[in-house]
>>> print(open('protein08.pdb').read())   # PDB, C-alpha atoms, pLDDT in the B column
ATOM      1  CA  MET U   1     -95.442-210.424 -92.930  1.00 83.00           C
ATOM      2  CA  LEU U   2     -98.205-211.854 -90.764  1.00 90.00           C
ATOM      3  CA  LYS U   3    -101.193-213.250 -92.651  1.00 88.00           C
ATOM      4  CA  ASP U   4    -103.957-215.609 -91.633  1.00 85.00           C
ATOM      5  CA  GLU U   5    -105.058-218.690 -93.573  1.00 89.00           C
ATOM      6  CA  LYS U   6    -107.098-216.443 -95.917  1.00 90.00           C
ATOM      7  CA  GLY U   7    -104.080-214.249 -96.665  1.00 88.00           C
ATOM      8  CA  LYS U   8    -105.338-211.319 -94.571  1.00 92.00           C
ATOM      9  CA  LYS U   9    -103.178-209.290 -92.220  1.00 93.00           C
ATOM     10  CA  PRO U  10    -104.367-209.127 -88.611  1.00 92.00           C
ATOM     11  CA  CYS U  11    -105.631-205.711 -87.528  1.00 93.00           C
ATOM     12  CA  GLU U  12    -103.955-205.920 -84.142  1.00 93.00           C
ATOM     13  CA  ILE U  13    -101.342-208.173 -82.607  1.00 93.00           C
ATOM     14  CA  GLU U  14    -100.126-208.646 -79.085  1.00 93.00           C
ATOM     15  CA  ILE U  15     -96.519-209.478 -78.214  1.00 93.00           C
ATOM     16  CA  SER U  16     -94.642-209.888 -74.966  1.00 93.00           C
ATOM     17  CA  HIS U  17     -92.895-206.899 -73.487  1.00 91.00           C
ATOM     18  CA  GLU U  18     -89.570-208.675 -74.134  1.00 92.00           C
ATOM     19  CA  LYS U  19     -90.385-209.127 -77.849  1.00 94.00           C
ATOM     20  CA  TRP U  20     -91.570-205.516 -77.997  1.00 93.00           C
ATOM     21  CA  GLU U  21     -88.219-204.304 -76.580  1.00 92.00           C
ATOM     22  CA  GLU U  22     -86.250-206.682 -78.824  1.00 95.00           C
ATOM     23  CA  THR U  23     -88.179-205.460 -81.877  1.00 95.00           C
ATOM     24  CA  LYS U  24     -87.429-201.838 -81.028  1.00 95.00           C
ATOM     25  CA  GLN U  25     -83.731-202.640 -80.614  1.00 96.00           C
ATOM     26  CA  MET U  26     -83.621-204.523 -83.933  1.00 97.00           C
ATOM     27  CA  ILE U  27     -85.312-201.628 -85.727  1.00 97.00           C
ATOM     28  CA  ARG U  28     -82.905-199.113 -84.170  1.00 97.00           C
ATOM     29  CA  GLU U  29     -79.879-201.202 -85.195  1.00 97.00           C
ATOM     30  CA  GLY U  30     -81.327-201.700 -88.685  1.00 97.00           C
ATOM     31  CA  ILE U  31     -81.776-197.956 -89.124  1.00 97.00           C
ATOM     32  CA  LYS U  32     -78.162-197.349 -88.144  1.00 97.00           C
ATOM     33  CA  LYS U  33     -76.944-200.033 -90.582  1.00 98.00           C
ATOM     34  CA  LYS U  34     -79.006-198.554 -93.421  1.00 96.00           C
ATOM     35  CA  LEU U  35     -77.636-195.080 -92.696  1.00 97.00           C
ATOM     36  CA  ASP U  36     -74.048-196.378 -92.565  1.00 98.00           C
ATOM     37  CA  ALA U  37     -74.528-198.176 -95.889  1.00 97.00           C
ATOM     38  CA  SER U  38     -76.162-195.088 -97.354  1.00 95.00           C
ATOM     39  CA  LYS U  39     -73.126-192.991 -96.384  1.00 97.00           C
ATOM     40  CA  THR U  40     -70.794-195.554 -97.923  1.00 97.00           C
ATOM     41  CA  LEU U  41     -72.699-195.684-101.221  1.00 96.00           C
ATOM     42  CA  ILE U  42     -73.467-191.998-101.664  1.00 95.00           C
ATOM     43  CA  GLU U  43     -70.539-191.259-103.991  1.00 93.00           C
ATOM     44  CA  ASN U  44     -70.839-194.434-106.098  1.00 95.00           C
ATOM     45  CA  ASP U  45     -74.614-194.767-106.396  1.00 91.00           C
ATOM     46  CA  LYS U  46     -76.646-191.897-105.008  1.00 89.00           C
ATOM     47  CA  GLU U  47     -79.963-193.515-105.988  1.00 85.00           C
ATOM     48  CA  VAL U  48     -79.292-196.710-104.010  1.00 88.00           C
ATOM     49  CA  SER U  49     -77.944-194.587-101.168  1.00 91.00           C
ATOM     50  CA  ALA U  50     -81.188-192.586-101.199  1.00 87.00           C
ATOM     51  CA  GLY U  51     -83.225-195.793-101.325  1.00 86.00           C
ATOM     52  CA  LEU U  52     -81.540-197.123 -98.197  1.00 90.00           C
ATOM     53  CA  TYR U  53     -82.055-193.754 -96.524  1.00 91.00           C
ATOM     54  CA  ILE U  54     -85.757-193.852 -97.404  1.00 89.00           C
ATOM     55  CA  TYR U  55     -86.091-197.327 -95.918  1.00 90.00           C
ATOM     56  CA  ALA U  56     -84.361-196.027 -92.781  1.00 94.00           C
ATOM     57  CA  LEU U  57     -86.932-193.201 -92.623  1.00 92.00           C
ATOM     58  CA  GLU U  58     -89.764-195.699 -92.898  1.00 92.00           C
ATOM     59  CA  GLU U  59     -88.266-197.847 -90.145  1.00 96.00           C
ATOM     60  CA  PHE U  60     -87.867-194.718 -88.009  1.00 96.00           C
ATOM     61  CA  GLY U  61     -91.626-194.206 -88.347  1.00 95.00           C
ATOM     62  CA  LYS U  62     -92.160-197.847 -87.346  1.00 96.00           C
ATOM     63  CA  LEU U  63     -90.004-197.328 -84.252  1.00 97.00           C
ATOM     64  CA  LEU U  64     -92.084-194.291 -83.303  1.00 96.00           C
ATOM     65  CA  LEU U  65     -95.279-196.332 -83.748  1.00 95.00           C
ATOM     66  CA  LEU U  66     -93.910-198.965 -81.384  1.00 93.00           C
ATOM     67  CA  ASP U  67     -93.079-196.258 -78.864  1.00 90.00           C
ATOM     68  CA  ASP U  68     -96.710-195.132 -79.062  1.00 88.00           C
ATOM     69  CA  SER U  69     -98.137-198.646 -78.792  1.00 86.00           C
ATOM     70  CA  ASN U  70     -99.998-199.694 -75.697  1.00 78.00           C
ATOM     71  CA  VAL U  71     -97.918-201.830 -73.325  1.00 83.00           C
ATOM     72  CA  GLN U  72     -99.801-203.196 -70.332  1.00 84.00           C
ATOM     73  CA  SER U  73     -99.455-206.244 -68.110  1.00 86.00           C
ATOM     74  CA  GLY U  74     -96.286-207.328 -69.869  1.00 86.00           C
ATOM     75  CA  LYS U  75     -97.877-207.276 -73.360  1.00 90.00           C
ATOM     76  CA  GLY U  76     -97.563-204.821 -76.223  1.00 89.00           C
ATOM     77  CA  LYS U  77    -100.547-204.191 -78.499  1.00 91.00           C
ATOM     78  CA  ILE U  78     -99.631-203.154 -82.022  1.00 93.00           C
ATOM     79  CA  ASN U  79    -101.992-201.823 -84.668  1.00 93.00           C
ATOM     80  CA  TYR U  80    -100.496-204.129 -87.275  1.00 94.00           C
ATOM     81  CA  LYS U  81    -102.554-203.851 -90.448  1.00 94.00           C
ATOM     82  CA  HIS U  82    -103.327-200.140 -90.446  1.00 95.00           C
ATOM     83  CA  GLU U  83    -100.058-198.819 -89.010  1.00 95.00           C
ATOM     84  CA  PHE U  84     -97.119-201.193 -88.545  1.00 94.00           C
ATOM     85  CA  VAL U  85     -97.082-202.431 -92.166  1.00 93.00           C
ATOM     86  CA  CYS U  86     -98.623-199.324 -93.782  1.00 91.00           C
ATOM     87  CA  HIS U  87     -96.012-197.245 -95.643  1.00 86.00           C
ATOM     88  CA  GLU U  88     -97.971-194.002 -95.599  1.00 85.00           C
ATOM     89  CA  VAL U  89     -98.601-194.147 -91.846  1.00 92.00           C
ATOM     90  CA  LYS U  90     -94.957-194.914 -91.047  1.00 93.00           C
ATOM     91  CA  PHE U  91     -93.637-192.138 -93.293  1.00 89.00           C
ATOM     92  CA  GLY U  92     -96.208-189.721 -91.896  1.00 90.00           C
ATOM     93  CA  LYS U  93     -95.236-190.584 -88.335  1.00 94.00           C
ATOM     94  CA  ALA U  94     -91.545-190.129 -89.141  1.00 93.00           C
ATOM     95  CA  PHE U  95     -92.033-186.820 -90.982  1.00 90.00           C
ATOM     96  CA  ASP U  96     -94.279-185.400 -88.245  1.00 92.00           C
ATOM     97  CA  TYR U  97     -91.685-186.259 -85.606  1.00 94.00           C
ATOM     98  CA  LEU U  98     -88.740-184.993 -87.638  1.00 93.00           C
ATOM     99  CA  GLN U  99     -90.411-181.708 -88.522  1.00 90.00           C
ATOM    100  CA  GLY U 100     -91.690-181.277 -84.951  1.00 92.00           C
ATOM    101  CA  HIS U 101     -88.151-181.731 -83.602  1.00 94.00           C
ATOM    102  CA  ASN U 102     -86.486-179.492 -86.227  1.00 92.00           C
ATOM    103  CA  TYR U 103     -84.829-182.298 -88.183  1.00 92.00           C
ATOM    104  CA  ASN U 104     -86.008-180.596 -91.356  1.00 88.00           C
ATOM    105  CA  ASN U 105     -83.137-181.803 -93.547  1.00 87.00           C
ATOM    106  CA  CYS U 106     -84.493-185.352 -93.217  1.00 86.00           C
ATOM    107  CA  ILE U 107     -87.675-184.536 -95.120  1.00 81.00           C
ATOM    108  CA  LEU U 108     -86.319-183.650 -98.576  1.00 73.00           C
ATOM    109  CA  LEU U 109     -84.008-185.363-101.044  1.00 66.00           C
ATOM    110  CA  ASN U 110     -84.216-182.764-103.774  1.00 59.00           C
ATOM    111  CA  ASP U 111     -85.531-179.236-104.136  1.00 59.00           C
ATOM    112  CA  GLU U 112     -88.086-179.845-106.892  1.00 57.00           C
ATOM    113  CA  GLY U 113     -91.158-179.136-104.766  1.00 50.00           C
ATOM    114  CA  SER U 114     -92.610-175.907-103.414  1.00 46.00           C
ATOM    115  CA  PHE U 115     -91.887-176.601 -99.758  1.00 43.00           C
ATOM    116  CA  SER U 116     -89.828-175.167 -96.951  1.00 47.00           C
ATOM    117  CA  PRO U 117     -89.886-177.468 -93.904  1.00 49.00           C
ATOM    118  CA  GLU U 118     -89.030-174.562 -91.640  1.00 48.00           C
ATOM    119  CA  SER U 119     -92.152-172.613 -92.645  1.00 47.00           C
ATOM    120  CA  PHE U 120     -94.908-175.115 -93.443  1.00 48.00           C
ATOM    121  CA  SER U 121     -96.135-178.607 -92.676  1.00 47.00           C
ATOM    122  CA  TRP U 122     -94.823-181.251 -95.077  1.00 43.00           C
ATOM    123  CA  ARG U 123     -98.404-182.590 -95.355  1.00 48.00           C
ATOM    124  CA  SER U 124     -99.576-179.476 -97.233  1.00 46.00           C
ATOM    125  CA  PHE U 125     -97.158-179.495-100.151  1.00 43.00           C
ATOM    126  CA  THR U 126     -95.800-181.451-103.050  1.00 41.00           C
ATOM    127  CA  ILE U 127     -92.302-182.096-101.821  1.00 43.00           C
ATOM    128  CA  GLY U 128     -89.574-183.116-104.208  1.00 44.00           C
ATOM    129  CA  LEU U 129     -89.220-186.854-103.638  1.00 45.00           C
ATOM    130  CA  ILE U 130     -91.655-187.235-100.745  1.00 47.00           C
ATOM    131  CA  PRO U 131     -95.249-187.265-102.125  1.00 38.00           C
ATOM    132  CA  LYS U 132     -95.848-190.891-103.103  1.00 47.00           C
ATOM    133  CA  THR U 133     -94.590-194.165-101.725  1.00 52.00           C
ATOM    134  CA  GLU U 134     -94.200-195.443-105.278  1.00 55.00           C
ATOM    135  CA  ALA U 135     -91.830-192.588-106.129  1.00 58.00           C
ATOM    136  CA  ARG U 136     -89.824-193.141-102.967  1.00 59.00           C
ATOM    137  CA  LEU U 137     -89.438-196.856-103.515  1.00 65.00           C
ATOM    138  CA  SER U 138     -89.019-196.762-107.320  1.00 69.00           C
ATOM    139  CA  ILE U 139     -85.322-196.224-106.754  1.00 73.00           C
ATOM    140  CA  PHE U 140     -85.022-200.033-106.489  1.00 76.00           C
ATOM    141  CA  TYR U 141     -87.115-201.154-109.451  1.00 78.00           C
ATOM    142  CA  VAL U 142     -88.472-200.255-112.873  1.00 80.00           C
ATOM    143  CA  ASP U 143     -92.231-200.042-113.337  1.00 80.00           C
ATOM    144  CA  PHE U 144     -94.837-198.240-115.384  1.00 81.00           C
ATOM    145  CA  ILE U 145     -97.201-195.367-114.593  1.00 79.00           C
ATOM    146  CA  TYR U 146    -100.279-193.946-116.252  1.00 81.00           C
ATOM    147  CA  THR U 147     -99.538-190.478-117.599  1.00 81.00           C
ATOM    148  CA  SER U 148    -103.211-189.490-117.535  1.00 76.00           C
ATOM    149  CA  GLU U 149    -106.556-190.918-116.552  1.00 71.00           C
ATOM    150  CA  VAL U 150    -106.731-192.625-119.937  1.00 70.00           C
ATOM    151  CA  ALA U 151    -105.515-196.198-119.406  1.00 69.00           C
ATOM    152  CA  ASP U 152    -103.596-196.382-122.683  1.00 77.00           C
ATOM    153  CA  ASN U 153    -101.203-193.532-121.805  1.00 84.00           C
ATOM    154  CA  ILE U 154     -98.399-195.470-120.121  1.00 87.00           C
ATOM    155  CA  ASP U 155     -94.866-194.291-119.421  1.00 85.00           C
ATOM    156  CA  ILE U 156     -91.876-195.682-117.560  1.00 84.00           C
ATOM    157  CA  MET U 157     -91.674-194.562-113.939  1.00 78.00           C
ATOM    158  CA  LYS U 158     -88.486-192.511-113.673  1.00 76.00           C
ATOM    159  CA  ILE U 159     -86.102-192.608-110.761  1.00 73.00           C
ATOM    160  CA  PRO U 160     -86.534-189.339-108.856  1.00 73.00           C
ATOM    161  CA  LEU U 161     -83.663-186.869-108.916  1.00 76.00           C
ATOM    162  CA  ILE U 162     -81.422-186.969-105.867  1.00 80.00           C
ATOM    163  CA  ASP U 163     -79.394-184.013-104.627  1.00 85.00           C
ATOM    164  CA  VAL U 164     -76.287-185.534-103.001  1.00 91.00           C
ATOM    165  CA  GLU U 165     -75.719-182.659-100.570  1.00 92.00           C
ATOM    166  CA  ILE U 166     -79.356-182.683 -99.446  1.00 89.00           C
ATOM    167  CA  LEU U 167     -79.162-186.469 -99.032  1.00 91.00           C
ATOM    168  CA  ARG U 168     -75.937-186.183 -97.025  1.00 94.00           C
ATOM    169  CA  LYS U 169     -77.554-183.639 -94.672  1.00 94.00           C
ATOM    170  CA  GLY U 170     -80.608-185.864 -94.299  1.00 93.00           C
ATOM    171  CA  ILE U 171     -78.524-188.921 -93.423  1.00 95.00           C
ATOM    172  CA  ASN U 172     -76.571-186.979 -90.793  1.00 96.00           C
ATOM    173  CA  GLU U 173     -79.708-185.495 -89.267  1.00 95.00           C
ATOM    174  CA  LEU U 174     -81.534-188.825 -89.154  1.00 96.00           C
ATOM    175  CA  GLU U 175     -78.502-190.303 -87.385  1.00 97.00           C
ATOM    176  CA  ASN U 176     -78.791-187.515 -84.805  1.00 96.00           C
ATOM    177  CA  ALA U 177     -82.526-188.102 -84.449  1.00 96.00           C
ATOM    178  CA  ILE U 178     -82.139-191.855 -83.865  1.00 96.00           C
ATOM    179  CA  ASN U 179     -79.290-191.287 -81.398  1.00 94.00           C
ATOM    180  CA  GLU U 180     -81.288-188.699 -79.459  1.00 93.00           C
ATOM    181  CA  LEU U 181     -84.475-190.787 -79.393  1.00 90.00           C
ATOM    182  CA  PRO U 182     -84.857-192.248 -75.895  1.00 83.00           C
ATOM    183  CA  PHE U 183     -84.736-196.041 -75.571  1.00 73.00           C
TER
END
>>> encode(input="protein08.pdb", output="structure tokens")
Amino acid sequence: MLKDEKGKKPCEIEISHEKWEETKQMIREGIKKKLDASKTLIENDKEVSAGLYIYALEEFGKLLLLDDSNVQSGKGKINYKHEFVCHEVKFGKAFDYLQGHNYNNCILLNDEGSFSPESFSWRSFTIGLIPKTEARLSIFYVDFIYTSEVADNIDIMKIPLIDVEILRKGINELENAINELPF
């Protein structure tokens, strides 16, 4: 991650058009690898499979951000601090694209929320696994959460439930989305 001598991320960076294209290709290949690994692991460890899928979703959002970045005079300008390395922005970008292109199976990993991607915007609802970055990424680690606004009420953050069939559909649809995305 880029940081200056004070440990701060730059707001914007500029890279050559060649690096911009190479970065997009590396992200695309990384997404495909994560999806392949997720398919392989789904029967043995659905939580790790879902975690890899979630990282692929985040990288998909990053790829879309790069596609939207300003490329002029052989240079690409990237909003680094507030977009490229911001989980919420990348997931939001991915979910908006996926819902807008009817890849609705990519948005859910369980049916615990009160959301139908065909009828409503994902931004308006509590959606099974989707609401918080911490919940999405907690598949890979154990941490604690406050159970109320009182600081002494602490519980262990639980791994979200994963529906294998929903995950399988999501993986397949995200593969279609990445394959249909123009270079």
>>> atom_distance(input="protein08.pdb", atom1="atom CA of Val85 of chain U", atom2="atom CA of Lys62 of chain U")
8.3 Å
>>> residues_around(input="protein08.pdb", residues="segment 5-10 of chain U", least_positions_apart="6", cutoff="9 Å", atoms="all atoms listed in the file", output="number ranges by chain")
U: 79-81
>>> resolve_selection(input="protein08.pdb", expression="the PyMOL selection byres ((chain U and resi 35) around 9)", output="PDB file with C-alpha atoms, in the coordinates of the input")
ATOM      1  CA  GLY U  30     -81.327-201.700 -88.685  1.00 97.00           C
ATOM      2  CA  ILE U  31     -81.776-197.956 -89.124  1.00 97.00           C
ATOM      3  CA  LYS U  32     -78.162-197.349 -88.144  1.00 97.00           C
ATOM      4  CA  LYS U  33     -76.944-200.033 -90.582  1.00 98.00           C
ATOM      5  CA  LYS U  34     -79.006-198.554 -93.421  1.00 96.00           C
ATOM      6  CA  ASP U  36     -74.048-196.378 -92.565  1.00 98.00           C
ATOM      7  CA  ALA U  37     -74.528-198.176 -95.889  1.00 97.00           C
ATOM      8  CA  SER U  38     -76.162-195.088 -97.354  1.00 95.00           C
ATOM      9  CA  LYS U  39     -73.126-192.991 -96.384  1.00 97.00           C
ATOM     10  CA  THR U  40     -70.794-195.554 -97.923  1.00 97.00           C
ATOM     11  CA  SER U  49     -77.944-194.587-101.168  1.00 91.00           C
ATOM     12  CA  LEU U  52     -81.540-197.123 -98.197  1.00 90.00           C
ATOM     13  CA  TYR U  53     -82.055-193.754 -96.524  1.00 91.00           C
ATOM     14  CA  ALA U  56     -84.361-196.027 -92.781  1.00 94.00           C
ATOM     15  CA  ILE U 171     -78.524-188.921 -93.423  1.00 95.00           C
ATOM     16  CA  ASN U 172     -76.571-186.979 -90.793  1.00 96.00           C
ATOM     17  CA  LEU U 174     -81.534-188.825 -89.154  1.00 96.00           C
ATOM     18  CA  GLU U 175     -78.502-190.303 -87.385  1.00 97.00           C
TER      19      GLU U 175
END
>>> atom_distance(input="protein08.pdb", atom1="atom CA of Leu41 of chain U", atom2="atom CA of Ile156 of chain U")
25.2 Å
>>> closest_residue(input="protein08.pdb", among="U:Pro182, U:Asn104, U:Lys158, U:Val150", to="Gly170 of chain U", atoms="all atoms listed in the file")
U:Asn104
>>> closest_residue(input="protein08.pdb", among="U:Leu98, U:Ile42, U:Leu108, U:Ile13", to="Ser69 of chain U", atoms="all atoms listed in the file")
U:Ile13
>>> residues_around(input="protein08.pdb", residues="Lys90 of chain U", least_positions_apart="5", cutoff="8 Å", atoms="all atoms listed in the file", output="number ranges by chain")
U: 58-62, 65, 83-85
>>> closest_residue(input="protein08.pdb", among="U:Ile107, U:Ile15, U:Val142, U:Ile154", to="Val71 of chain U", atoms="all atoms listed in the file")
U:Ile15
>>> closest_residue(input="protein08.pdb", among="U:Asp96, U:Glu12, U:Glu47, U:Glu173", to="Lys77 of chain U", atoms="all atoms listed in the file")
U:Glu12
>>> closest_residue(input="protein08.pdb", among="U:Arg28, U:Lys46, U:Lys3, U:Lys169", to="Leu66 of chain U", atoms="only C-alpha atoms")
U:Arg28
